[in-house]
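Novice: Just so it is clear, I am handing over final-v9.pdb, which has PDB, C-alpha atoms and all ligand atoms.
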```pdb
MODEL        1
ATOM      1  CA  MET A1371     -50.590 -34.216  61.066
ATOM      2  CA  VAL A1372     -47.355 -33.919  59.107
ATOM      3  CA  ARG A1373     -45.417 -30.713  58.688
ATOM      4  CA  GLU A1374     -42.927 -29.509  56.128
ATOM      5  CA  ILE A1375     -39.688 -28.192  57.557
ATOM      6  CA  GLU A1376     -36.564 -26.761  55.966
ATOM      7  CA  PHE A1377     -33.005 -26.535  57.151
ATOM      8  CA  THR A1378     -29.441 -26.435  55.902
ATOM      9  CA  LEU A1379     -27.583 -29.707  56.345
ATOM     10  CA  ASN A1380     -23.829 -29.636  55.819
ATOM     11  CA  GLY A1381     -24.237 -26.703  53.463
ATOM     12  CA  TYR A1382     -27.156 -28.116  51.480
ATOM     13  CA  HIS A1383     -30.748 -26.960  51.671
ATOM     14  CA  GLN A1384     -33.200 -29.639  52.797
ATOM     15  CA  LYS A1385     -36.975 -29.648  52.690
ATOM     16  CA  ILE A1386     -38.687 -32.607  54.299
ATOM     17  CA  THR A1387     -42.068 -33.588  55.658
ATOM     18  CA  VAL A1388     -42.025 -34.869  59.235
ATOM     19  CA  LYS A1389     -44.454 -36.049  61.865
ATOM     20  CA  PRO A1390     -44.558 -33.981  65.078
ATOM     21  CA  SER A1391     -43.347 -37.018  67.012
ATOM     22  CA  GLU A1392     -40.294 -37.704  64.832
ATOM     23  CA  LYS A1393     -36.953 -37.163  66.503
ATOM     24  CA  LEU A1394     -34.254 -35.244  64.677
ATOM     25  CA  LEU A1395     -31.899 -38.220  65.011
ATOM     26  CA  ASP A1396     -34.339 -40.526  63.224
ATOM     27  CA  VAL A1397     -34.904 -38.070  60.386
ATOM     28  CA  LEU A1398     -31.165 -37.552  59.936
ATOM     29  CA  ARG A1399     -30.300 -41.241  60.049
ATOM     30  CA  ASP A1400     -33.248 -42.925  58.404
ATOM     31  CA  ARG A1401     -34.233 -40.355  55.821
ATOM     32  CA  LEU A1402     -31.194 -38.227  55.076
ATOM     33  CA  GLY A1403     -28.384 -40.773  55.242
ATOM     34  CA  ILE A1404     -26.574 -39.182  58.191
ATOM     35  CA  THR A1405     -25.226 -42.306  59.843
ATOM     36  CA  SER A1406     -22.461 -40.582  61.832
ATOM     37  CA  ALA A1407     -25.053 -39.599  64.442
ATOM     38  CA  LYS A1408     -25.733 -42.762  66.422
ATOM     39  CA  TYR A1409     -28.537 -44.014  68.622
ATOM     40  CA  GLY A1410     -26.882 -44.873  71.926
ATOM     41  CA  CYS A1411     -28.953 -44.279  75.035
ATOM     42  CA  GLY A1412     -31.824 -42.290  73.545
ATOM     43  CA  LYS A1413     -31.921 -40.305  76.790
ATOM     44  CA  GLY A1414     -29.391 -37.527  76.273
ATOM     45  CA  GLU A1415     -26.768 -39.245  78.392
ATOM     46  CA  CYS A1416     -24.133 -40.692  76.038
ATOM     47  CA  GLY A1417     -23.551 -38.068  73.347
ATOM     48  CA  ALA A1418     -23.483 -40.583  70.481
ATOM     49  CA  CYS A1419     -26.211 -38.665  68.639
ATOM     50  CA  THR A1420     -24.479 -35.281  68.894
ATOM     51  CA  VAL A1421     -24.844 -32.914  65.948
ATOM     52  CA  ASN A1422     -24.225 -29.189  65.662
ATOM     53  CA  LEU A1423     -27.293 -27.006  65.311
ATOM     54  CA  ASP A1424     -26.843 -23.266  64.785
ATOM     55  CA  GLY A1425     -23.306 -23.396  66.164
ATOM     56  CA  LYS A1426     -24.033 -25.465  69.263
ATOM     57  CA  THR A1427     -23.990 -29.179  69.873
ATOM     58  CA  VAL A1428     -27.345 -30.789  70.563
ATOM     59  CA  ARG A1429     -28.451 -34.281  71.439
ATOM     60  CA  SER A1430     -30.460 -35.162  68.353
ATOM     61  CA  CYS A1431     -32.124 -38.084  70.162
ATOM     62  CA  LEU A1432     -33.887 -35.576  72.418
ATOM     63  CA  MET A1433     -34.926 -33.032  69.794
ATOM     64  CA  TYR A1434     -37.995 -33.226  67.667
ATOM     65  CA  ALA A1435     -37.289 -32.691  63.984
ATOM     66  CA  VAL A1436     -39.825 -29.863  63.851
ATOM     67  CA  GLU A1437     -37.630 -27.941  66.303
ATOM     68  CA  ALA A1438     -34.882 -27.898  63.677
ATOM     69  CA  ASP A1439     -37.007 -25.943  61.207
ATOM     70  CA  GLY A1440     -34.984 -23.018  59.824
ATOM     71  CA  SER A1441     -31.720 -24.121  61.421
ATOM     72  CA  VAL A1442     -28.224 -24.830  60.143
ATOM     73  CA  ILE A1443     -27.101 -28.362  60.984
ATOM     74  CA  GLU A1444     -23.605 -29.783  60.713
ATOM     75  CA  THR A1445     -22.601 -33.412  61.077
ATOM     76  CA  LEU A1446     -19.394 -35.334  60.548
ATOM     77  CA  GLU A1447     -20.441 -36.112  56.952
ATOM     78  CA  GLY A1448     -20.009 -32.421  56.150
ATOM     79  CA  PHE A1449     -16.601 -31.889  57.727
ATOM     80  CA  GLN A1450     -14.657 -32.271  54.487
ATOM     81  CA  ARG A1451     -16.868 -29.769  52.701
ATOM     82  CA  LEU A1452     -16.882 -27.434  55.721
ATOM     83  CA  GLY A1453     -13.079 -27.467  55.984
ATOM     84  CA  LYS A1454     -13.034 -29.265  59.341
ATOM     85  CA  LYS A1455     -11.536 -32.594  58.318
ATOM     86  CA  GLU A1456      -8.374 -31.979  60.348
ATOM     87  CA  ILE A1457     -10.086 -32.757  63.670
ATOM     88  CA  GLN A1458     -11.009 -36.205  62.417
ATOM     89  CA  GLU A1459      -7.515 -36.815  61.048
ATOM     90  CA  ILE A1460      -5.831 -35.932  64.343
ATOM     91  CA  TYR A1461      -8.196 -38.216  66.255
ATOM     92  CA  GLN A1462      -7.222 -40.999  63.828
ATOM     93  CA  LYS A1463      -3.526 -40.228  64.228
ATOM     94  CA  HIS A1464      -3.845 -40.691  68.009
ATOM     95  CA  ASN A1465      -5.816 -43.926  67.664
ATOM     96  CA  ALA A1466      -8.349 -42.235  69.855
ATOM     97  CA  PHE A1467     -11.104 -44.793  69.222
ATOM     98  CA  GLN A1468     -11.573 -48.539  69.137
ATOM     99  CA  CYS A1469     -15.054 -49.489  67.904
ATOM    100  CA  GLY A1470     -15.648 -45.886  66.805
ATOM    101  CA  PHE A1471     -19.287 -45.762  67.875
ATOM    102  CA  CYS A1472     -18.734 -42.692  70.042
ATOM    103  CA  ALA A1473     -16.277 -40.985  67.671
ATOM    104  CA  PRO A1474     -18.588 -38.661  65.720
ATOM    105  CA  GLY A1475     -20.056 -37.320  68.956
ATOM    106  CA  PHE A1476     -16.614 -36.601  70.413
ATOM    107  CA  ILE A1477     -15.540 -34.898  67.203
ATOM    108  CA  MET A1478     -18.639 -32.709  67.151
ATOM    109  CA  SER A1479     -18.035 -31.667  70.771
ATOM    110  CA  THR A1480     -14.359 -30.980  70.026
ATOM    111  CA  ASP A1481     -15.319 -28.796  67.092
ATOM    112  CA  GLU A1482     -17.714 -26.828  69.294
ATOM    113  CA  LEU A1483     -15.111 -26.420  72.041
ATOM    114  CA  LEU A1484     -12.428 -25.143  69.680
ATOM    115  CA  SER A1485     -14.785 -22.741  67.968
ATOM    116  CA  GLN A1486     -15.663 -21.200  71.341
ATOM    117  CA  ASN A1487     -12.326 -21.511  73.108
ATOM    118  CA  PRO A1488      -9.250 -21.849  70.877
ATOM    119  CA  ASP A1489      -6.882 -22.446  73.802
ATOM    120  CA  PRO A1490      -8.614 -24.683  76.355
ATOM    121  CA  ASP A1491      -6.658 -26.139  79.255
ATOM    122  CA  GLU A1492      -6.953 -29.787  80.294
ATOM    123  CA  GLU A1493      -9.861 -29.168  82.648
ATOM    124  CA  GLU A1494     -11.763 -27.240  79.996
ATOM    125  CA  ILE A1495     -11.210 -30.050  77.478
ATOM    126  CA  LYS A1496     -12.473 -32.630  79.979
ATOM    127  CA  GLU A1497     -15.468 -30.506  80.824
ATOM    128  CA  ALA A1498     -16.351 -29.942  77.147
ATOM    129  CA  LEU A1499     -16.219 -33.684  76.434
ATOM    130  CA  ALA A1500     -17.884 -34.790  79.664
ATOM    131  CA  GLY A1501     -21.201 -35.367  77.902
ATOM    132  CA  ASN A1502     -19.673 -37.892  75.522
ATOM    133  CA  LEU A1503     -19.202 -41.416  76.792
ATOM    134  CA  CYS A1504     -16.856 -44.060  75.430
ATOM    135  CA  ARG A1505     -17.152 -47.688  76.465
ATOM    136  CA  CYS A1506     -13.864 -48.767  74.901
ATOM    137  CA  THR A1507     -11.052 -46.350  75.680
ATOM    138  CA  GLY A1508      -9.605 -44.729  78.761
ATOM    139  CA  TYR A1509     -10.102 -41.272  77.189
ATOM    140  CA  LYS A1510      -6.323 -40.685  77.313
ATOM    141  CA  ASN A1511      -5.826 -40.734  73.533
ATOM    142  CA  ILE A1512      -8.945 -38.676  73.012
ATOM    143  CA  PHE A1513      -7.597 -35.906  75.244
ATOM    144  CA  SER A1514      -4.151 -36.063  73.638
ATOM    145  CA  ALA A1515      -5.742 -35.683  70.187
ATOM    146  CA  VAL A1516      -7.602 -32.567  71.298
ATOM    147  CA  LYS A1517      -4.434 -31.142  72.842
ATOM    148  CA  GLU A1518      -2.521 -31.642  69.593
ATOM    149  CA  MET A1519      -5.326 -29.960  67.705
ATOM    150  CA  VAL A1520      -5.077 -26.956  70.041
ATOM    151  CA  GLU A1521      -1.281 -26.750  69.654
ATOM    152  CA  LYS A1522      -1.506 -27.070  65.882
ATOM    153  CA  ARG A1523      -3.988 -24.244  65.617
ATOM    154  CA  LYS A1524      -1.956 -22.064  67.971
ATOM    155  CA  GLY A1525       1.141 -22.707  65.834
ATOM    156  CA  ARG A1526      -0.688 -21.576  62.729
ATOM    157  CA  GLU A1527      -1.839 -18.384  64.407
ATOM    158  CA  SER A1528       1.592 -17.364  65.749
TER     159      SER A1528
HETATM  160  S1  LIG B   1     -28.317 -41.363  71.989
HETATM  161 FE1  LIG B   1     -28.573 -39.266  72.324
HETATM  162  S2  LIG B   1     -27.427 -38.860  74.108
HETATM  163 FE2  LIG B   1     -27.306 -41.005  73.879
HETATM  164  S1  LIG B   2     -14.459 -46.306  70.811
HETATM  165 FE1  LIG B   2     -16.050 -47.705  71.254
HETATM  166  S2  LIG B   2     -17.487 -46.522  72.381
HETATM  167 FE2  LIG B   2     -15.814 -45.201  72.099
ENDMDL
END
```
Mind turning the file's structure into structure tokens?
Specialist:
Amino acid sequence: MVREIEFTLNGYHQKITVKPSEKLLDVLRDRLGITSAKYGCGKGECGACTVNLDGKTVRSCLMYAVEADGSVIETLEGFQRLGKKEIQEIYQKHNAFQCGFCAPGFIMSTDELLSQNPDPDEEEIKEALAGNLCRCTGYKNIFSAVKEMVEKRKGRES
């Protein structure tokens, strides 16, 4: 039996009919054009499918779409509109990615970290990004991008 659900996606209201077995990732990718969220492991282990739901990152490969009913979802596609483009730009400046498959997930986790802890130390950055895996890089440039983001925000606040 299908069910109609509603949520806000990157600031826009969405109403969509889903099957109880449909995963949030599949609905986002296949039906709503959200290709930043990727199918990596499908088991909650790689973070490629990370999106933000009600202020917290979730693994959209593990969630059923019906569980997102009534929620507010953010993905990388909405960062420009949501005023969060700077995170992406600093990652690019540091050449933090090679193939880029993991990038949206890292950026979503970075956004969550900085919204909860504006001044994380190195260990806290590593811990916050531990659920995101990258097959290409040594993580060094990823961490340096996050550190620059932290310093930039601190500079603006002082
Ligand atoms: S695809 Fe969801 S955690 Fe890997
Ligand atoms: S840049 Fe290729 S998986 Fe991270």
Novice: Can you tell me, as a ChimeraX atom specification, what residues are no more than 9 Å from Cys1419 of chain A when counting all atoms listed in the file, ignoring any on the same chain fewer than 6 positions away?
Specialist: /A:1395,1406-1412,1428-1431,1472,1474-1475
Novice: One number please: atom CA of Thr1387 of chain A to atom CA of Gln1450 of chain A, in Å, one decimal.
Specialist: 27.5 Å
Novice: Atom CA of Ala1473 of chain A and atom CA of Arg1505 of chain A, how far apart in Å?
Specialist: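 About the pair atom CA of Arg1505 of chain A and atom CA of Ala1473 of chain A: they are 11.1 Å apart.
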Novice: Where does the PyMOL selection byres (((chain A and resi 1374) around 12) and not hetatm) land in this file, that is, which residues does it pick, as a PyMOL selection string?
Specialist: chain A and resi 1371-1373+1375-1377+1384-1390+1435-1440
Novice: Enumerate, as number ranges by chain, the residues matched when the PyMOL selection byres (((chain A and resi 1480-1486) around 7) and not hetatm) is run on the file above.
Specialist: A: 1426-1427, 1476-1479, 1487-1488, 1498
Novice: Of the candidates A:Gln1462, A:Asn1511, A:Thr1445, A:Thr1420, which shows the shortest atom-to-atom distance to ligand LIG 1 (chain B), using only C-alpha atoms and all ligand atoms?
Specialist: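 Closest to ligand LIG 1 (chain B), using only C-alpha atoms and all ligand atoms: A:Thr1420.
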Novice: To verify the selection step, state as a list in words which residues the PyMOL selection byres (((not hetatm)) within 6 of (chain B and resi 2)) yields on this input.
Specialist: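 For this structure, the PyMOL selection byres (((not hetatm)) within 6 of (chain B and resi 2)) resolves to Phe1467, Gln1468, Cys1469, Gly1470, Phe1471, Cys1472, Cys1504, Arg1505, Cys1506 and Thr1507 of chain A.
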Novice: Given all atoms listed in the file as the basis, pick out the residue of A:Tyr1434, A:Ile1512, A:His1464, A:Asn1422 nearest to Phe1449 of chain A.
Specialist: A:Asn1422
Novice: Which is closer to ligand LIG 1 (chain B) than all the others in A:Val1421, A:Ala1466, A:Leu1398, A:Ala1515, using all atoms listed in the file?
Specialist: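 Nearest to ligand LIG 1 (chain B): A:Val1421.
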Novice: Could you check the closest approach to Leu1402 of chain A for each of A:Leu1446, A:Cys1416, A:Leu1379, A:Met1519 and tell me which residue wins, using only C-alpha atoms?
Specialist: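 Checking each candidate against Leu1402 of chain A, we get A:Leu1379 as the closest.
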Novice: Could you tell me how far atom CA of Ile1460 of chain A sits from atom FE2 of ligand LIG 1 (chain B), in Å to one decimal place?
Specialist: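 Here the two named atoms are 24.0 Å from each other.
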Novice: Let me know the centre plus edge lengths, in Å and rounded to one decimal, of a box with edges along x, y and z that contains all listed atoms of ligand LIG 1 (chain B) and is padded by 4 Å on every side, as lines of an AutoDock Vina configuration file.
Specialist:
```
center_x = -27.9
center_y = -40.1
center_z = 73.0
size_x = 9.3
size_y = 10.5
size_z = 10.1
```
Novice: My list of candidates is A:Met1433, A:Ala1418, A:Leu1452, A:Ile1404. Which is closest to ligand LIG 1 (chain B) when distances are computed with only C-alpha atoms and all ligand atoms?
Specialist: A:Ala1418
Novice: Need the shell around Lys1496 of chain A: protein/DNA/RNA residues with any atom at most 10 Å away, counting all atoms listed in the file. Skip same-chain ones fewer than 6 positions apart. Format as a PyMOL selection string?
Specialist: chain A and resi 1490+1502+1509+1512-1513+1516
Novice: Name the closest residue to ligand LIG 1 (chain B) among the candidates A:Lys1454, A:Lys1463, A:Arg1401, A:Lys1413; distances are taken between atoms, counting all atoms listed in the file.
Specialist: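 Result for the nearest residue to ligand LIG 1 (chain B): A:Lys1413.
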Novice: Name the residues, using the chain letters and numbers of the file, that sit within 10 Å of (-26.9, -26.9, 54.5) when counting all atoms listed in the file, and give them as a PyMOL selection string.
Specialist: chain A and resi 1376-1384+1441-1444+1448
Novice: Print the selection's residues with C-alpha atoms to a file, as an mmCIF file, in the coordinates of the input.
Specialist:
```
data_model
loop_
_atom_site.group_PDB
_atom_site.id
_atom_site.type_symbol
_atom_site.label_atom_id
_atom_site.label_comp_id
_atom_site.auth_asym_id
_atom_site.auth_seq_id
_atom_site.Cartn_x
_atom_site.Cartn_y
_atom_site.Cartn_z
ATOM 1 C CA GLU A 1376 -36.564 -26.761 55.966
ATOM 2 C CA PHE A 1377 -33.005 -26.535 57.151
ATOM 3 C CA THR A 1378 -29.441 -26.435 55.902
ATOM 4 C CA LEU A 1379 -27.583 -29.707 56.345
ATOM 5 C CA ASN A 1380 -23.829 -29.636 55.819
ATOM 6 C CA GLY A 1381 -24.237 -26.703 53.463
ATOM 7 C CA TYR A 1382 -27.156 -28.116 51.480
ATOM 8 C CA HIS A 1383 -30.748 -26.960 51.671
ATOM 9 C CA GLN A 1384 -33.200 -29.639 52.797
ATOM 10 C CA SER A 1441 -31.720 -24.121 61.421
ATOM 11 C CA VAL A 1442 -28.224 -24.830 60.143
ATOM 12 C CA ILE A 1443 -27.101 -28.362 60.984
ATOM 13 C CA GLU A 1444 -23.605 -29.783 60.713
ATOM 14 C CA GLY A 1448 -20.009 -32.421 56.150
#
```
